[in-house]
file start12.pdb (PDB, C-alpha atoms, pLDDT in the B column)
MODEL        1
ATOM      1  CA  LEU I   1      -3.146  13.188   1.723  1.00 72.00           C
ATOM      2  CA  HIS I   2      -2.439  15.675   4.487  1.00 80.00           C
ATOM      3  CA  GLY I   3      -1.595  13.221   7.269  1.00 80.00           C
ATOM      4  CA  LYS I   4      -4.968  13.595   8.974  1.00 86.00           C
ATOM      5  CA  LEU I   5      -7.483  10.868   9.628  1.00 91.00           C
ATOM      6  CA  PRO I   6     -11.254  10.973   9.737  1.00 89.00           C
ATOM      7  CA  PRO I   7     -12.781   9.668  12.956  1.00 91.00           C
ATOM      8  CA  ILE I   8     -12.217   5.902  12.918  1.00 92.00           C
ATOM      9  CA  ALA I   9     -13.457   3.629  15.680  1.00 94.00           C
ATOM     10  CA  PRO I  10     -10.568   1.633  17.183  1.00 94.00           C
ATOM     11  CA  SER I  11     -13.081  -1.184  17.717  1.00 95.00           C
ATOM     12  CA  LEU I  12     -12.739  -1.935  13.986  1.00 94.00           C
ATOM     13  CA  ILE I  13      -9.305  -3.414  14.702  1.00 96.00           C
ATOM     14  CA  LYS I  14      -9.153  -6.988  15.990  1.00 95.00           C
ATOM     15  CA  ALA I  15      -5.702  -6.994  17.563  1.00 93.00           C
ATOM     16  CA  GLY I  16      -3.271  -9.209  15.705  1.00 94.00           C
ATOM     17  CA  HIS I  17      -5.786 -10.207  13.033  1.00 96.00           C
ATOM     18  CA  THR I  18      -6.930  -7.130  11.123  1.00 97.00           C
ATOM     19  CA  LEU I  19      -5.190  -6.227   7.872  1.00 97.00           C
ATOM     20  CA  CYS I  20      -5.326  -2.516   7.067  1.00 97.00           C
ATOM     21  CA  TYR I  21      -4.652  -1.199   3.573  1.00 96.00           C
ATOM     22  CA  ASP I  22      -3.994   2.393   2.545  1.00 95.00           C
ATOM     23  CA  MET I  23      -3.993   3.048  -1.193  1.00 94.00           C
ATOM     24  CA  MET I  24      -1.465   5.842  -0.654  1.00 93.00           C
ATOM     25  CA  TYR I  25       2.232   5.162  -0.229  1.00 92.00           C
ATOM     26  CA  SER I  26       5.188   7.146   0.980  1.00 90.00           C
ATOM     27  CA  LYS I  27       8.668   6.850   2.395  1.00 91.00           C
ATOM     28  CA  GLN I  28       7.264   6.477   5.923  1.00 91.00           C
ATOM     29  CA  PRO I  29       4.098   4.573   6.874  1.00 93.00           C
ATOM     30  CA  THR I  30       0.978   6.586   6.105  1.00 93.00           C
ATOM     31  CA  ALA I  31      -1.009   8.231   8.891  1.00 94.00           C
ATOM     32  CA  PHE I  32      -3.675   5.549   8.549  1.00 95.00           C
ATOM     33  CA  ASN I  33      -1.187   2.690   8.718  1.00 96.00           C
ATOM     34  CA  ARG I  34       0.517   4.247  11.739  1.00 95.00           C
ATOM     35  CA  TRP I  35      -2.885   4.543  13.431  1.00 96.00           C
ATOM     36  CA  ALA I  36      -3.718   0.929  12.552  1.00 97.00           C
ATOM     37  CA  THR I  37      -0.402  -0.331  13.942  1.00 97.00           C
ATOM     38  CA  GLU I  38      -0.891   1.682  17.139  1.00 95.00           C
ATOM     39  CA  HIS I  39      -4.293   0.026  17.550  1.00 96.00           C
ATOM     40  CA  GLY I  40      -2.950  -3.503  17.090  1.00 97.00           C
ATOM     41  CA  ALA I  41      -3.537  -4.312  13.421  1.00 97.00           C
ATOM     42  CA  GLY I  42      -1.890  -7.578  12.482  1.00 96.00           C
ATOM     43  CA  GLN I  43      -0.605  -6.209   9.178  1.00 97.00           C
ATOM     44  CA  THR I  44      -0.620  -2.948   7.256  1.00 97.00           C
ATOM     45  CA  LEU I  45      -0.004  -2.439   3.551  1.00 96.00           C
ATOM     46  CA  ASP I  46       0.318   0.610   1.359  1.00 96.00           C
ATOM     47  CA  GLY I  47      -0.630   1.187  -2.272  1.00 96.00           C
ATOM     48  CA  LEU I  48       2.784   0.868  -3.901  1.00 96.00           C
ATOM     49  CA  GLY I  49       2.186  -2.778  -4.794  1.00 95.00           C
ATOM     50  CA  MET I  50      -1.117  -1.953  -6.466  1.00 96.00           C
ATOM     51  CA  LEU I  51       0.518   0.845  -8.473  1.00 96.00           C
ATOM     52  CA  VAL I  52       3.246  -1.505  -9.715  1.00 96.00           C
ATOM     53  CA  GLU I  53       0.832  -4.351 -10.515  1.00 96.00           C
ATOM     54  CA  GLN I  54      -1.514  -2.044 -12.449  1.00 97.00           C
ATOM     55  CA  ALA I  55       1.432  -0.757 -14.472  1.00 96.00           C
ATOM     56  CA  ALA I  56       2.650  -4.319 -15.093  1.00 96.00           C
ATOM     57  CA  GLU I  57      -0.787  -5.365 -16.326  1.00 97.00           C
ATOM     58  CA  ALA I  58      -1.015  -2.360 -18.648  1.00 97.00           C
ATOM     59  CA  PHE I  59       2.481  -3.133 -19.980  1.00 97.00           C
ATOM     60  CA  TYR I  60       1.394  -6.723 -20.610  1.00 97.00           C
ATOM     61  CA  LEU I  61      -1.772  -5.647 -22.431  1.00 98.00           C
ATOM     62  CA  TRP I  62       0.206  -3.343 -24.715  1.00 98.00           C
ATOM     63  CA  THR I  63       3.243  -5.538 -25.357  1.00 98.00           C
ATOM     64  CA  GLY I  64       2.292  -9.129 -24.535  1.00 97.00           C
ATOM     65  CA  VAL I  65       5.276  -9.227 -22.171  1.00 97.00           C
ATOM     66  CA  ARG I  66       4.703  -9.653 -18.454  1.00 94.00           C
ATOM     67  CA  PRO I  67       7.376  -7.742 -16.532  1.00 94.00           C
ATOM     68  CA  ASP I  68       8.940  -8.950 -13.290  1.00 95.00           C
ATOM     69  CA  SER I  69       6.771  -6.802 -11.050  1.00 95.00           C
ATOM     70  CA  GLN I  70       8.425  -8.016  -7.838  1.00 95.00           C
ATOM     71  CA  ALA I  71      11.797  -6.683  -8.994  1.00 95.00           C
ATOM     72  CA  VAL I  72      10.201  -3.359  -9.938  1.00 94.00           C
ATOM     73  CA  LEU I  73       8.401  -3.183  -6.579  1.00 95.00           C
ATOM     74  CA  ALA I  74      11.645  -3.909  -4.693  1.00 95.00           C
ATOM     75  CA  SER I  75      13.459  -1.224  -6.684  1.00 95.00           C
ATOM     76  CA  MET I  76      10.727   1.360  -6.083  1.00 94.00           C
ATOM     77  CA  ARG I  77      10.540   0.512  -2.383  1.00 93.00           C
ATOM     78  CA  ALA I  78      14.325   0.914  -2.117  1.00 94.00           C
ATOM     79  CA  SER I  79      14.188   4.276  -3.892  1.00 94.00           C
ATOM     80  CA  LEU I  80      11.671   5.511  -1.305  1.00 89.00           C
ATOM     81  CA  SER I  81      14.016   4.764   1.595  1.00 81.00           C
TER      82      SER I  81
ENDMDL
END
call {"tool": "encode", "arguments": {"input": "start12.pdb", "output": "structure tokens"}}
result
Amino acid sequence: LHGKLPPIAPSLIKAGHTLCYDMMYSKQPTAFNRWATEHGAGQTLDGLGMLVEQAAEAFYLWTGVRPDSQAVLASMRASLS
């Protein structure tokens, strides 16, 4: 949460193949995702998608209506930039 990382061994990254996921999200890539990219991760993701999908599932459970989560995710991502 403060932009610092614990000691992580770069050997955990298999260049071009490793997917790294940070449950946090922000306007800019998180410190972990920046680190992963610098060490050759094939893909990095943040937690915004999980937040939206959890909210969509809760909405569905309460209302029986499944919202268009991809449109919500796109809107939220745009509002961050």
call {"tool": "atom_distance", "arguments": {"input": "start12.pdb", "atom1": "CA of Met50 (chain I)", "atom2": "CA of Lys14 (chain I)"}}
result
24.4 Å
call {"tool": "resolve_selection", "arguments": {"input": "start12.pdb", "expression": "the PyMOL selection byres ((chain I and resi 19-31) around 6)", "output": "ChimeraX atom specification"}}
result
/I:3,18,32-34,42-48,80-81
call {"tool": "closest_residue", "arguments": {"input": "start12.pdb", "among": "I:Gln70, I:Gln54, I:Thr37, I:Ser79", "to": "Ala15 (chain I)", "atoms": "only C-alpha atoms"}}
result
I:Thr37
call {"tool": "atom_distance", "arguments": {"input": "start12.pdb", "atom1": "CA of Ala36 (chain I)", "atom2": "CA of His2 (chain I)"}}
result
16.9 Å
call {"tool": "closest_residue", "arguments": {"input": "start12.pdb", "among": "I:Ser11, I:Thr63, I:Ser69, I:Ser75", "to": "Leu51 (chain I)", "atoms": "only C-alpha atoms"}}
result
I:Ser69
call {"tool": "closest_residue", "arguments": {"input": "start12.pdb", "among": "I:Phe59, I:Lys4, I:Pro10, I:Val72", "to": "Gly40 (chain I)", "atoms": "only C-alpha atoms"}}
result
I:Pro10
call {"tool": "atom_distance", "arguments": {"input": "start12.pdb", "atom1": "CA of Val52 (chain I)", "atom2": "CA of Gly64 (chain I)"}}
result
16.7 Å
call {"tool": "closest_residue", "arguments": {"input": "start12.pdb", "among": "I:Glu53, I:Glu38, I:Leu1, I:Gly16", "to": "Leu73 (chain I)", "atoms": "all atoms listed in the file"}}
result
I:Glu53
call {"tool": "closest_residue", "arguments": {"input": "start12.pdb", "among": "I:Ala71, I:Val65, I:Met76, I:Leu5", "to": "Trp35 (chain I)", "atoms": "all atoms listed in the file"}}
result
I:Leu5
call {"tool": "closest_residue", "arguments": {"input": "start12.pdb", "among": "I:Ala56, I:Leu61, I:Ile8, I:Asp68", "to": "His39 (chain I)", "atoms": "only C-alpha atoms"}}
result
I:Ile8
